[in-house]
file my_file-v9.json (JSON, C-alpha atoms)
[["chain", "number", "residue", "atom", "x", "y", "z"],
["P", 1, "MET", "CA", 105.48, 87.46, 85.54],
["P", 2, "THR", "CA", 108.82, 87.07, 87.33],
["P", 3, "GLU", "CA", 109.60, 89.15, 90.40],
["P", 4, "VAL", "CA", 113.35, 89.72, 90.80],
["P", 5, "GLU", "CA", 113.91, 90.68, 94.42],
["P", 6, "LEU", "CA", 116.66, 91.32, 96.92],
["P", 7, "LYS", "CA", 115.93, 91.75, 100.62],
["P", 8, "ALA", "CA", 118.32, 93.12, 103.23],
["P", 9, "ALA", "CA", 118.02, 93.48, 107.00],
["P", 10, "LEU", "CA", 118.64, 97.05, 108.15],
["P", 11, "THR", "CA", 119.81, 98.67, 111.32],
["P", 12, "GLU", "CA", 117.46, 101.37, 112.56],
["P", 13, "ALA", "CA", 120.12, 103.99, 111.74],
["P", 14, "LEU", "CA", 120.45, 102.81, 108.14],
["P", 15, "ALA", "CA", 116.67, 102.57, 107.77],
["P", 16, "GLY", "CA", 116.45, 106.19, 108.90],
["P", 17, "ILE", "CA", 118.83, 107.55, 106.23],
["P", 18, "LEU", "CA", 117.80, 105.39, 103.28],
["P", 19, "PRO", "CA", 114.93, 107.67, 102.16],
["P", 20, "ASP", "CA", 117.47, 110.47, 101.59],
["P", 21, "ARG", "CA", 119.86, 108.11, 99.79],
["P", 22, "LEU", "CA", 117.06, 106.86, 97.56],
["P", 23, "ALA", "CA", 116.03, 110.45, 96.74],
["P", 24, "ALA", "CA", 119.64, 111.31, 95.88],
["P", 25, "LEU", "CA", 119.61, 108.43, 93.37],
["P", 26, "GLY", "CA", 116.45, 109.74, 91.71],
["P", 27, "PHE", "CA", 113.85, 107.55, 93.41],
["P", 28, "VAL", "CA", 110.44, 109.14, 93.81],
["P", 29, "PRO", "CA", 108.55, 108.44, 97.03],
["P", 30, "GLY", "CA", 105.35, 106.46, 96.61],
["P", 31, "GLU", "CA", 102.77, 105.75, 99.24],
["P", 32, "THR", "CA", 103.08, 104.32, 102.72],
["P", 33, "VAL", "CA", 100.72, 101.42, 103.33],
["P", 34, "ARG", "CA", 99.88, 98.84, 105.94],
["P", 35, "GLU", "CA", 100.01, 95.28, 104.62],
["P", 36, "THR", "CA", 98.54, 92.32, 106.44],
["P", 37, "ASP", "CA", 99.42, 89.03, 104.77],
["P", 38, "LEU", "CA", 97.61, 85.82, 105.66],
["P", 39, "TYR", "CA", 99.56, 82.81, 104.35],
["P", 40, "PHE", "CA", 98.00, 79.47, 103.51],
["P", 41, "ASN", "CA", 99.37, 75.96, 103.19],
["P", 42, "GLY", "CA", 98.19, 73.53, 100.55],
["P", 43, "GLY", "CA", 96.05, 70.54, 101.34],
["P", 44, "ASP", "CA", 97.96, 68.34, 98.90],
["P", 45, "ARG", "CA", 101.49, 69.62, 99.55],
["P", 46, "ASP", "CA", 103.45, 71.52, 102.19],
["P", 47, "PHE", "CA", 104.47, 74.91, 100.75],
["P", 48, "ARG", "CA", 107.32, 75.12, 103.29],
["P", 49, "ARG", "CA", 108.88, 72.07, 101.65],
["P", 50, "THR", "CA", 108.19, 73.16, 98.06],
["P", 51, "ASP", "CA", 109.29, 76.80, 98.70],
["P", 52, "GLU", "CA", 105.96, 78.16, 97.41],
["P", 53, "ALA", "CA", 103.65, 80.74, 98.95],
["P", 54, "LEU", "CA", 99.93, 81.48, 98.73],
["P", 55, "ARG", "CA", 98.81, 84.64, 100.49],
["P", 56, "LEU", "CA", 95.81, 86.85, 100.95],
["P", 57, "ARG", "CA", 97.03, 90.45, 101.35],
["P", 58, "ARG", "CA", 95.06, 93.34, 102.78],
["P", 59, "VAL", "CA", 96.57, 96.70, 101.84],
["P", 60, "SER", "CA", 95.35, 99.68, 103.88],
["P", 61, "SER", "CA", 96.09, 103.29, 103.03],
["P", 62, "GLY", "CA", 94.19, 106.48, 103.74],
["P", 63, "GLY", "CA", 91.14, 104.66, 105.05],
["P", 64, "GLU", "CA", 90.84, 102.48, 101.93],
["P", 65, "GLU", "CA", 91.53, 98.76, 101.71],
["P", 66, "ASN", "CA", 92.50, 96.63, 98.71],
["P", 67, "VAL", "CA", 92.71, 92.85, 98.71],
["P", 68, "LEU", "CA", 95.17, 90.81, 96.65],
["P", 69, "LEU", "CA", 95.57, 87.06, 96.18],
["P", 70, "THR", "CA", 99.14, 86.04, 95.34],
["P", 71, "TYR", "CA", 100.86, 82.78, 94.44],
["P", 72, "LYS", "CA", 104.67, 82.70, 94.47],
["P", 73, "GLY", "CA", 106.61, 79.78, 93.02],
["P", 74, "PRO", "CA", 109.92, 78.44, 94.34],
["P", 75, "LYS", "CA", 113.01, 80.67, 94.31],
["P", 76, "GLU", "CA", 114.71, 80.45, 90.92],
["P", 77, "ASP", "CA", 118.35, 81.26, 91.68],
["P", 78, "PRO", "CA", 120.84, 81.20, 94.57],
["P", 79, "ARG", "CA", 121.65, 84.94, 94.47],
["P", 80, "SER", "CA", 118.24, 86.49, 94.99],
["P", 81, "ASN", "CA", 114.63, 85.93, 96.00],
["P", 82, "THR", "CA", 113.49, 85.76, 92.37],
["P", 83, "ARG", "CA", 110.24, 83.84, 91.89],
["P", 84, "ARG", "CA", 107.45, 83.36, 89.37],
["P", 85, "GLU", "CA", 104.53, 85.36, 90.76],
["P", 86, "TYR", "CA", 100.84, 85.54, 89.94],
["P", 87, "GLU", "CA", 98.73, 88.19, 91.63],
["P", 88, "THR", "CA", 95.20, 89.47, 91.22],
["P", 89, "THR", "CA", 92.86, 91.79, 93.02],
["P", 90, "ALA", "CA", 90.16, 90.12, 95.04],
["P", 91, "GLY", "CA", 86.82, 91.12, 96.47],
["P", 92, "ASP", "CA", 85.65, 90.18, 99.93],
["P", 93, "PRO", "CA", 88.60, 88.71, 101.87],
["P", 94, "ASP", "CA", 86.37, 86.70, 104.21],
["P", 95, "THR", "CA", 84.62, 85.01, 101.30],
["P", 96, "LEU", "CA", 87.94, 84.32, 99.58],
["P", 97, "ARG", "CA", 89.31, 82.83, 102.80],
["P", 98, "ALA", "CA", 86.21, 80.58, 103.00],
["P", 99, "ILE", "CA", 86.69, 79.48, 99.38],
["P", 100, "LEU", "CA", 90.35, 78.64, 100.01],
["P", 101, "GLY", "CA", 89.37, 76.69, 103.14],
["P", 102, "ALA", "CA", 86.74, 74.73, 101.22],
["P", 103, "LEU", "CA", 89.46, 73.81, 98.71],
["P", 104, "GLY", "CA", 91.73, 72.47, 101.48],
["P", 105, "PHE", "CA", 94.01, 75.49, 101.99],
["P", 106, "GLN", "CA", 94.57, 76.24, 105.66],
["P", 107, "PRO", "CA", 95.79, 79.56, 107.11],
["P", 108, "VAL", "CA", 99.17, 79.17, 108.80],
["P", 109, "PHE", "CA", 100.52, 82.58, 109.75],
["P", 110, "THR", "CA", 99.97, 86.33, 109.46],
["P", 111, "VAL", "CA", 102.69, 88.87, 108.64],
["P", 112, "ASP", "CA", 102.04, 92.56, 109.39],
["P", 113, "LYS", "CA", 104.19, 95.38, 108.07],
["P", 114, "GLU", "CA", 104.29, 99.05, 107.23],
["P", 115, "ARG", "CA", 105.74, 99.60, 103.75],
["P", 116, "ARG", "CA", 107.11, 102.82, 102.25],
["P", 117, "THR", "CA", 107.73, 102.59, 98.50],
["P", 118, "PHE", "CA", 110.12, 104.51, 96.24],
["P", 119, "LEU", "CA", 110.13, 104.19, 92.42],
["P", 120, "ARG", "CA", 112.68, 104.70, 89.63],
["P", 121, "ASP", "CA", 112.97, 103.25, 86.14],
["P", 122, "GLY", "CA", 111.02, 100.05, 86.78],
["P", 123, "VAL", "CA", 112.64, 99.40, 90.16],
["P", 124, "THR", "CA", 110.65, 99.55, 93.37],
["P", 125, "ALA", "CA", 112.50, 100.08, 96.65],
["P", 126, "CYS", "CA", 110.45, 99.16, 99.71],
["P", 127, "LEU", "CA", 111.36, 100.17, 103.24],
["P", 128, "ASP", "CA", 109.52, 97.70, 105.45],
["P", 129, "GLN", "CA", 108.95, 97.78, 109.19],
["P", 130, "VAL", "CA", 107.88, 94.21, 109.95],
["P", 131, "GLU", "CA", 106.22, 93.42, 113.27],
["P", 132, "GLY", "CA", 108.41, 91.02, 115.20],
["P", 133, "LEU", "CA", 111.40, 91.40, 112.86],
["P", 134, "GLY", "CA", 112.42, 95.04, 112.42],
["P", 135, "SER", "CA", 113.50, 97.04, 109.37],
["P", 136, "TYR", "CA", 114.18, 95.68, 105.88],
["P", 137, "LEU", "CA", 114.87, 96.97, 102.39],
["P", 138, "GLU", "CA", 113.41, 95.15, 99.41],
["P", 139, "LEU", "CA", 114.52, 96.00, 95.88],
["P", 140, "GLU", "CA", 112.21, 94.64, 93.19],
["P", 141, "ARG", "CA", 111.96, 94.56, 89.42],
["P", 142, "LEU", "CA", 109.16, 92.80, 87.54],
["P", 143, "LEU", "CA", 110.07, 90.98, 84.32],
["P", 144, "LEU", "CA", 107.74, 89.71, 81.63],
["P", 145, "ASP", "CA", 110.48, 87.36, 80.41],
["P", 146, "SER", "CA", 112.67, 85.60, 82.98],
["P", 147, "GLY", "CA", 115.53, 85.54, 80.43],
["P", 148, "ASP", "CA", 116.70, 88.93, 81.71],
["P", 149, "ARG", "CA", 116.87, 87.69, 85.30],
["P", 150, "ASP", "CA", 120.66, 87.65, 85.75],
["P", 151, "ALA", "CA", 121.03, 91.21, 84.42],
["P", 152, "ALA", "CA", 118.21, 92.36, 86.71],
["P", 153, "VAL", "CA", 119.83, 90.71, 89.75],
["P", 154, "ASP", "CA", 123.18, 92.32, 88.87],
["P", 155, "GLY", "CA", 121.46, 95.72, 88.59],
["P", 156, "LEU", "CA", 119.78, 95.34, 91.97],
["P", 157, "LEU", "CA", 123.06, 94.25, 93.58],
["P", 158, "ALA", "CA", 124.76, 97.37, 92.16],
["P", 159, "LEU", "CA", 121.92, 99.52, 93.52],
["P", 160, "LEU", "CA", 122.31, 97.89, 96.93],
["P", 161, "GLU", "CA", 125.97, 98.97, 96.93],
["P", 162, "ASP", "CA", 125.04, 102.49, 95.77],
["P", 163, "LEU", "CA", 122.72, 102.72, 98.78],
["P", 164, "GLY", "CA", 125.52, 101.67, 101.15],
["P", 165, "VAL", "CA", 123.85, 98.41, 102.18],
["P", 166, "SER", "CA", 126.26, 95.52, 102.70],
["P", 167, "ARG", "CA", 125.71, 92.27, 100.81],
["P", 168, "ARG", "CA", 126.18, 90.57, 104.18],
["P", 169, "ALA", "CA", 122.78, 92.00, 105.15],
["P", 170, "LEU", "CA", 121.03, 90.10, 102.32],
["P", 171, "GLU", "CA", 118.31, 87.72, 103.47],
["P", 172, "ARG", "CA", 116.86, 85.04, 101.18],
["P", 173, "ARG", "CA", 114.21, 83.85, 103.62],
["P", 174, "SER", "CA", 110.75, 85.38, 103.37],
["P", 175, "TYR", "CA", 109.25, 87.34, 106.25],
["P", 176, "LEU", "CA", 107.03, 84.32, 106.83],
["P", 177, "GLU", "CA", 110.05, 82.00, 107.10],
["P", 178, "LEU", "CA", 111.84, 84.40, 109.44],
["P", 179, "LEU", "CA", 108.84, 84.76, 111.73],
["P", 180, "MET", "CA", 108.12, 81.02, 111.77],
["P", 181, "ALA", "CA", 111.77, 80.00, 112.35],
["P", 182, "PRO", "CA", 111.65, 80.19, 116.19],
["P", 183, "ALA", "CA", 108.55, 77.94, 116.28],
["P", 184, "GLN", "CA", 110.17, 75.40, 113.94],
["P", 185, "GLU", "CA", 113.39, 75.33, 116.00],
["P", 186, "ALA", "CA", 111.48, 74.55, 119.23]]
call {"tool": "encode", "arguments": {"input": "my_file-v9.json", "output": "structure tokens"}}
result
Amino acid sequence: MTEVELKAALTEALAGILPDRLAALGFVPGETVRETDLYFNGGDRDFRRTDEALRLRRVSSGGEENVLLTYKGPKEDPRSNTRREYETTAGDPDTLRAILGALGFQPVFTVDKERRTFLRDGVTACLDQVEGLGSYLELERLLLDSGDRDAAVDGLLALLEDLGVSRRALERRSYLELLMAPAQEA
């Protein structure tokens, strides 16, 4: 599966009015969840250098928790955050973390966020409040065939404009990269 994604940094004012703008464009509100992502680095290669990601995600909503294991490949184009993605549900996160550790994968960083989702015609709009970073909008479309990638990116860019979000606000770095940047600059 290929995840076509755009991410934009938001001012608090813009973040506050985007739910109404999304509703005006026919987006239906989904759930609000808490996501805690624990990222791992490979024992045989440095995912920061290869632009890959391996994460264990805990999704909490309404007193329930789901666990997902996700691998994301390198970004595939210069206009978006499009990546090949494989994701599956997982059982006990502590056992999975122990398995990954036994295989040489070491935890490197945790990203915490509150995510509000909105859905329309195969597009998911996510309003994220990321601890340590602030507010972001992610626009996502999943493709079975990456051959439609350019058309999907163009559609998400048009939607970004319809929402009144400047292309200058686009951010290609992941939340992990943004949060780790100050430590790497030191």
call {"tool": "residues_near_point", "arguments": {"input": "my_file-v9.json", "point": "(112.5, 101.9, 98.0)", "cutoff": "9 Å", "atoms": "only C-alpha atoms", "output": "tab-separated table (two decimals) with C-alpha atoms, in the coordinates of the input"}}
result
chain	number	residue	atom	x	y	z
P	18	LEU	CA	117.80	105.39	103.28
P	19	PRO	CA	114.93	107.67	102.16
P	22	LEU	CA	117.06	106.86	97.56
P	27	PHE	CA	113.85	107.55	93.41
P	28	VAL	CA	110.44	109.14	93.81
P	29	PRO	CA	108.55	108.44	97.03
P	30	GLY	CA	105.35	106.46	96.61
P	116	ARG	CA	107.11	102.82	102.25
P	117	THR	CA	107.73	102.59	98.50
P	118	PHE	CA	110.12	104.51	96.24
P	119	LEU	CA	110.13	104.19	92.42
P	120	ARG	CA	112.68	104.70	89.63
P	123	VAL	CA	112.64	99.40	90.16
P	124	THR	CA	110.65	99.55	93.37
P	125	ALA	CA	112.50	100.08	96.65
P	126	CYS	CA	110.45	99.16	99.71
P	127	LEU	CA	111.36	100.17	103.24
P	137	LEU	CA	114.87	96.97	102.39
P	138	GLU	CA	113.41	95.15	99.41
P	139	LEU	CA	114.52	96.00	95.88
P	140	GLU	CA	112.21	94.64	93.19
call {"tool": "atom_distance", "arguments": {"input": "my_file-v9.json", "atom1": "atom CA of P:Val108", "atom2": "atom CA of P:Arg83"}}
result
20.7 Å
call {"tool": "closest_residue", "arguments": {"input": "my_file-v9.json", "among": "P:Asp94, P:Asp20, P:Glu114, P:Glu177", "to": "P:Ser60", "atoms": "all atoms listed in the file"}}
result
P:Glu114
call {"tool": "residues_near_point", "arguments": {"input": "my_file-v9.json", "point": "(107.5, 87.8, 93.0)", "cutoff": "9 Å", "atoms": "only C-alpha atoms", "output": "PyMOL selection string"}}
result
chain P and resi 1-5+70-73+81-87+140-142
call {"tool": "closest_residue", "arguments": {"input": "my_file-v9.json", "among": "P:Leu178, P:Tyr136, P:Ser80, P:Val153", "to": "P:Leu14", "atoms": "only C-alpha atoms"}}
result
P:Tyr136
call {"tool": "closest_residue", "arguments": {"input": "my_file-v9.json", "among": "P:Leu100, P:Val67, P:Ala24, P:Leu163", "to": "P:Phe40", "atoms": "all atoms listed in the file"}}
result
P:Leu100
call {"tool": "closest_residue", "arguments": {"input": "my_file-v9.json", "among": "P:Arg45, P:Lys7, P:Arg58, P:Arg149", "to": "P:Gly104", "atoms": "all atoms listed in the file"}}
result
P:Arg45
call {"tool": "closest_residue", "arguments": {"input": "my_file-v9.json", "among": "P:Ala13, P:Asp154, P:Leu133, P:Ala23", "to": "P:Ala181", "atoms": "only C-alpha atoms"}}
result
P:Leu133
call {"tool": "atom_distance", "arguments": {"input": "my_file-v9.json", "atom1": "atom CA of P:Leu159", "atom2": "atom CA of P:Leu54"}}
result
28.9 Å
call {"tool": "closest_residue", "arguments": {"input": "my_file-v9.json", "among": "P:Gly16, P:Gly26, P:Gly42, P:Pro78", "to": "P:Leu170", "atoms": "all atoms listed in the file"}}
result
P:Pro78
call {"tool": "atom_distance", "arguments": {"input": "my_file-v9.json", "atom1": "atom CA of P:Val165", "atom2": "atom CA of P:Leu10"}}
result
8.0 Å
call {"tool": "residues_around", "arguments": {"input": "my_file-v9.json", "residues": "P:Thr36", "least_positions_apart": "2", "cutoff": "7 Å", "atoms": "all atoms listed in the file", "output": "PyMOL selection string"}}
result
chain P and resi 34+38+57-59+110-113
